[in-house]
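First comes the structure, then the notes that go with it.
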Amino acid sequence: MKKAEMTHRERILAAIKHQPTDRLPLDYWGVAEFTDKLKKHFGASDMTGVAKALDLDCIMGVTVPMIQPGRKSDWGVEYIKVPLPDGSGFYDEPAFHPIGGYDTIDEIEEHYEWPTTDMFDYSKIKEQCDTHRRNGYAIDGGYISLTYFYEIIRGTEQMFLDFAGDPELAEYVLFKINEFASDHTRKILEAGDGLIDITQVTDDFGSQTGLLMSATMIERYFGAYYQKNIALAKEFNAHVFHHDDGAITELVPWIAGKGCEVLNPLQWHLPGWDLKTLKADFGDKLCFHGGIDNQLVLPFQGAAEVEAEVRTCIDTLYSDKTGYILAPCHCIQAITPIENVLTMYEYAKTYGAVR
């Protein structure tokens with residue numbers, strides 16, 4: 001008797017649990033402008049329609065609307081749209097950092113309103129989860145990224161100055177950030193009523209050439225928060241997805257040791273990466289997500305190079321038929337030819353099936 005085909009959710013969860021999958025799992029990340037191109041190409045009204053058209057195993061997220069009158073965004077950051085040079089789209093950048101100009105804890109306390117869970121409406125999360133589950137998709141909910149939140153409210157340069165020169169202020173800001181972010185994630189997981197499969201405990205510790213700060217500093221400022229936030233995920237039986245851009249291989253043992261289960265995005269063209277070593281050393285601890293280069297290969301090269309990229313990732317990361325979810329190694333950019341993305345997915349299905 002022919003074995004039943006896995007659902008999209010079953011395929012994703014099997015990969016995370018290091019169980020064999022019936023075929024290579026496929027996920028999607030893309031900026032809004034490129035997603036709109038795919039919707040138009042397939043005549044789809046939403047991402048679910050695109051996922052069905054491409055037969056992708058997309059991890060679907062839940063949204064939580066903010067209900068605080070007059071507040072610009074969850075962290076009170078106002079954004080401006082910066083146009084891309086070729087006119088293909090925009091990037092949202094902070095117009096200013098709301099606590100970037102303050103030098104003391106007292107100043108921040110006096111002038112800044114930290115976000116709270118009262119500012120959000122969690123009532124529609126269960127309904128979203130029910131819809132995604134009916135459609136057969138794994139569900140992601142909750143996002144804790146202490147560096148990202150720190151950078152948007154205080155500024156990247158100031159964050160590093162705080163870490164190096166004002167640890168008391170840095171520890172205060174991180175405590176306040178995590179206080180809200182962890183409470184917010186708890187509310188999301190509670191509202192999901194057991195249907196949320198994956199939550200993100202994540203950061204951006206890497207640059208194009210190496211870590212943005214020392215591993216010692218990362219452990220000092222973030223280690224205890226990772227333990228608490230991963231424990232929160234486990235309380236709700238949610239798998240921990242960790243996104244970390246750049247040349248971060250030095251930190252992979254730390255990431256795995258803290259209990260993260262999925263490592264994304266795998267920018268393996270950058271210094272320090274070796275996919276065979278990564279799979280050999282951490283393939284039993286981490287499920288790998290991403291890998292298909294979106295800085296050079298997808299936007300600027302052709303079908304042959306895209307296929308070669310796919311082959312390399314499958315040959316190394318899917319060698320045991322589990323523990324890998326193929327996807328672009330970050331959001332597909334607006335300038336990317338749609339043909340390259342279609343090639344990526346179609347060739348992944350074909351090559352992944354015969355590997």
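Chain identifiers are assigned as A, B, and so on, following the order in which chains appear in the structure tokens; residues are numbered from 1 within each chain, and ligands are numbered from 1 in order of appearance.
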Give me the stretch 117-177 of chain A side of the contact with stretch 194-204 of chain A, cut-off 10 Å, one line per residue showing its nearest atom pair and distance in Å at one decimal, counting only C-alpha atoms, sorted by chain and residue number, as CSV.
residue,atom,partner,partner_atom,distance
A:Ile125,CA,A:Ile196,CA,9.6
A:Lys126,CA,A:Leu195,CA,7.9
A:Gln128,CA,A:Leu195,CA,9.9
A:Cys129,CA,A:Leu195,CA,6.3
A:Asp130,CA,A:Leu195,CA,7.7
A:His132,CA,A:Leu195,CA,9.4
A:Arg133,CA,A:Leu195,CA,7.7
A:Tyr137,CA,A:Asp197,CA,9.7
A:Ala138,CA,A:Asp197,CA,6.1
A:Ile139,CA,A:Ile196,CA,5.1
A:Asp140,CA,A:Ile198,CA,4.6
A:Gly141,CA,A:Thr199,CA,5.1
A:Gly142,CA,A:Thr199,CA,5.1
A:Tyr143,CA,A:Gln200,CA,4.7
A:Ile144,CA,A:Val201,CA,5.0
A:Ser145,CA,A:Asp203,CA,4.8
A:Leu146,CA,A:Asp203,CA,6.5
A:Thr147,CA,A:Asp203,CA,5.8
A:Tyr148,CA,A:Asp203,CA,6.6
A:Phe149,CA,A:Asp203,CA,9.4
Legend entry - Distance query A:Tyr324 at most 6 Å, only C-alpha atoms, self and fewer than 3 positions along chain excluded, as a list in words: Cys287, Phe288, His289, Leu317 and Tyr318 of chain A
Inset, instruction - For A:Val77, list every protein, DNA or RNA residue within 8 Å, evaluated using only C-alpha atoms, and leave out those in the same chain fewer than 6 positions away; present the list as a VMD selection string. - result: chain A and resid 94 to 98 152 to 153
Inset, instruction - Within stretch 6-135 of chain A, find each residue whose DSSP state, derived from the backbone, is strand (DSSP E), and express the selection as number ranges by chain. - result: A: 60-61, 79-83, 90-94
Legend entry - Residues near A:Ala164, cut-off 12 Å, only C-alpha atoms, skip fewer than 6 positions along chain, as a VMD selection string: chain A and resid 157 to 158 170 to 171 213 to 214 216 to 218 220 to 221
Inset, instruction - Run DSSP on the backbone and give me the residues of stretch 117-290 of chain A it puts in alpha helix (DSSP H), as a PyMOL selection string. - result: chain A and resi 125-134+146-154+156-165+167-192+215-235+252-258+275-282
Keeping only C-alpha atoms, write the selected residues to a file as a PDB file, in the first residue's frame.
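For reference, out.pdb as written:
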ATOM      1  CA  ILE A 125      -5.411  34.725  16.976  1.00  0.00           C
ATOM      2  CA  LYS A 126      -7.365  31.511  17.543  1.00  0.00           C
ATOM      3  CA  GLU A 127      -9.445  32.171  14.432  1.00  0.00           C
ATOM      4  CA  GLN A 128      -6.277  32.677  12.354  1.00  0.00           C
ATOM      5  CA  CYS A 129      -4.795  29.470  13.771  1.00  0.00           C
ATOM      6  CA  ASP A 130      -7.947  27.508  12.969  1.00  0.00           C
ATOM      7  CA  THR A 131      -7.804  28.718   9.361  1.00  0.00           C
ATOM      8  CA  HIS A 132      -4.110  27.854   8.926  1.00  0.00           C
ATOM      9  CA  ARG A 133      -4.612  24.453  10.546  1.00  0.00           C
ATOM     10  CA  ARG A 134      -7.589  23.687   8.260  1.00  0.00           C
ATOM     11  CA  LEU A 146      16.186  41.864  21.760  1.00  0.00           C
ATOM     12  CA  THR A 147      18.850  43.359  19.490  1.00  0.00           C
ATOM     13  CA  TYR A 148      16.327  44.353  16.829  1.00  0.00           C
ATOM     14  CA  PHE A 149      14.040  46.063  19.318  1.00  0.00           C
ATOM     15  CA  TYR A 150      17.000  47.765  21.006  1.00  0.00           C
ATOM     16  CA  GLU A 151      18.259  49.081  17.663  1.00  0.00           C
ATOM     17  CA  ILE A 152      14.968  50.552  16.514  1.00  0.00           C
ATOM     18  CA  ILE A 153      14.283  52.396  19.772  1.00  0.00           C
ATOM     19  CA  ARG A 154      17.843  53.490  20.594  1.00  0.00           C
ATOM     20  CA  THR A 156      22.524  50.506  16.416  1.00  0.00           C
ATOM     21  CA  GLU A 157      25.599  52.569  17.255  1.00  0.00           C
ATOM     22  CA  GLN A 158      24.184  53.613  20.599  1.00  0.00           C
ATOM     23  CA  MET A 159      23.379  49.984  21.439  1.00  0.00           C
ATOM     24  CA  PHE A 160      27.032  49.020  21.069  1.00  0.00           C
ATOM     25  CA  LEU A 161      28.152  52.084  23.049  1.00  0.00           C
ATOM     26  CA  ASP A 162      25.762  51.107  25.829  1.00  0.00           C
ATOM     27  CA  PHE A 163      26.997  47.506  25.902  1.00  0.00           C
ATOM     28  CA  ALA A 164      30.636  48.591  26.044  1.00  0.00           C
ATOM     29  CA  GLY A 165      30.448  51.713  28.187  1.00  0.00           C
ATOM     30  CA  PRO A 167      26.219  48.282  31.235  1.00  0.00           C
ATOM     31  CA  GLU A 168      23.725  49.522  33.829  1.00  0.00           C
ATOM     32  CA  LEU A 169      21.746  51.388  31.169  1.00  0.00           C
ATOM     33  CA  ALA A 170      22.090  48.497  28.706  1.00  0.00           C
ATOM     34  CA  GLU A 171      20.784  46.006  31.242  1.00  0.00           C
ATOM     35  CA  TYR A 172      17.846  48.280  32.067  1.00  0.00           C
ATOM     36  CA  VAL A 173      16.873  48.682  28.399  1.00  0.00           C
ATOM     37  CA  LEU A 174      17.173  44.943  27.740  1.00  0.00           C
ATOM     38  CA  PHE A 175      15.100  44.146  30.842  1.00  0.00           C
ATOM     39  CA  LYS A 176      12.324  46.503  29.733  1.00  0.00           C
ATOM     40  CA  ILE A 177      12.398  45.196  26.166  1.00  0.00           C
ATOM     41  CA  ASN A 178      12.221  41.584  27.267  1.00  0.00           C
ATOM     42  CA  GLU A 179       9.541  42.330  29.859  1.00  0.00           C
ATOM     43  CA  PHE A 180       7.157  43.352  27.093  1.00  0.00           C
ATOM     44  CA  ALA A 181       8.372  40.986  24.367  1.00  0.00           C
ATOM     45  CA  SER A 182       8.062  37.886  26.527  1.00  0.00           C
ATOM     46  CA  ASP A 183       4.660  38.944  27.903  1.00  0.00           C
ATOM     47  CA  HIS A 184       3.481  39.635  24.344  1.00  0.00           C
ATOM     48  CA  THR A 185       4.641  36.222  23.164  1.00  0.00           C
ATOM     49  CA  ARG A 186       2.972  34.537  26.134  1.00  0.00           C
ATOM     50  CA  LYS A 187      -0.323  36.238  25.276  1.00  0.00           C
ATOM     51  CA  ILE A 188       0.000  35.083  21.645  1.00  0.00           C
ATOM     52  CA  LEU A 189       0.753  31.505  22.642  1.00  0.00           C
ATOM     53  CA  GLU A 190      -2.102  31.486  25.140  1.00  0.00           C
ATOM     54  CA  ALA A 191      -4.520  32.851  22.560  1.00  0.00           C
ATOM     55  CA  GLY A 192      -3.356  30.215  20.077  1.00  0.00           C
ATOM     56  CA  ALA A 215      30.520  35.755  22.035  1.00  0.00           C
ATOM     57  CA  THR A 216      31.394  36.682  25.627  1.00  0.00           C
ATOM     58  CA  MET A 217      29.352  39.877  25.395  1.00  0.00           C
ATOM     59  CA  ILE A 218      26.459  37.998  23.797  1.00  0.00           C
ATOM     60  CA  GLU A 219      26.345  35.525  26.667  1.00  0.00           C
ATOM     61  CA  ARG A 220      26.672  38.312  29.240  1.00  0.00           C
ATOM     62  CA  TYR A 221      23.751  40.345  27.954  1.00  0.00           C
ATOM     63  CA  PHE A 222      21.527  37.749  26.284  1.00  0.00           C
ATOM     64  CA  GLY A 223      22.276  34.311  27.747  1.00  0.00           C
ATOM     65  CA  ALA A 224      19.804  34.369  30.630  1.00  0.00           C
ATOM     66  CA  TYR A 225      17.055  35.861  28.459  1.00  0.00           C
ATOM     67  CA  TYR A 226      17.475  33.070  25.908  1.00  0.00           C
ATOM     68  CA  GLN A 227      17.081  30.449  28.619  1.00  0.00           C
ATOM     69  CA  LYS A 228      13.906  32.082  29.947  1.00  0.00           C
ATOM     70  CA  ASN A 229      12.349  32.699  26.544  1.00  0.00           C
ATOM     71  CA  ILE A 230      13.098  29.211  25.261  1.00  0.00           C
ATOM     72  CA  ALA A 231      11.577  27.823  28.478  1.00  0.00           C
ATOM     73  CA  LEU A 232       8.484  29.909  27.687  1.00  0.00           C
ATOM     74  CA  ALA A 233       8.243  28.328  24.236  1.00  0.00           C
ATOM     75  CA  LYS A 234       8.576  24.845  25.704  1.00  0.00           C
ATOM     76  CA  GLU A 235       5.818  25.620  28.201  1.00  0.00           C
ATOM     77  CA  VAL A 252      26.269  28.155  16.318  1.00  0.00           C
ATOM     78  CA  PRO A 253      27.361  26.017  19.328  1.00  0.00           C
ATOM     79  CA  TRP A 254      25.902  28.688  21.640  1.00  0.00           C
ATOM     80  CA  ILE A 255      22.655  28.807  19.646  1.00  0.00           C
ATOM     81  CA  ALA A 256      22.263  25.032  19.738  1.00  0.00           C
ATOM     82  CA  GLY A 257      23.305  24.838  23.374  1.00  0.00           C
ATOM     83  CA  LYS A 258      20.617  27.273  24.456  1.00  0.00           C
ATOM     84  CA  LEU A 275      27.681  23.290   5.080  1.00  0.00           C
ATOM     85  CA  LYS A 276      29.125  19.786   5.350  1.00  0.00           C
ATOM     86  CA  THR A 277      30.698  20.569   8.708  1.00  0.00           C
ATOM     87  CA  LEU A 278      27.525  22.289   9.861  1.00  0.00           C
ATOM     88  CA  LYS A 279      25.428  19.235   9.035  1.00  0.00           C
ATOM     89  CA  ALA A 280      27.945  16.822  10.573  1.00  0.00           C
ATOM     90  CA  ASP A 281      28.351  18.768  13.803  1.00  0.00           C
ATOM     91  CA  PHE A 282      24.839  20.082  14.377  1.00  0.00           C
TER      92      PHE A 282
END
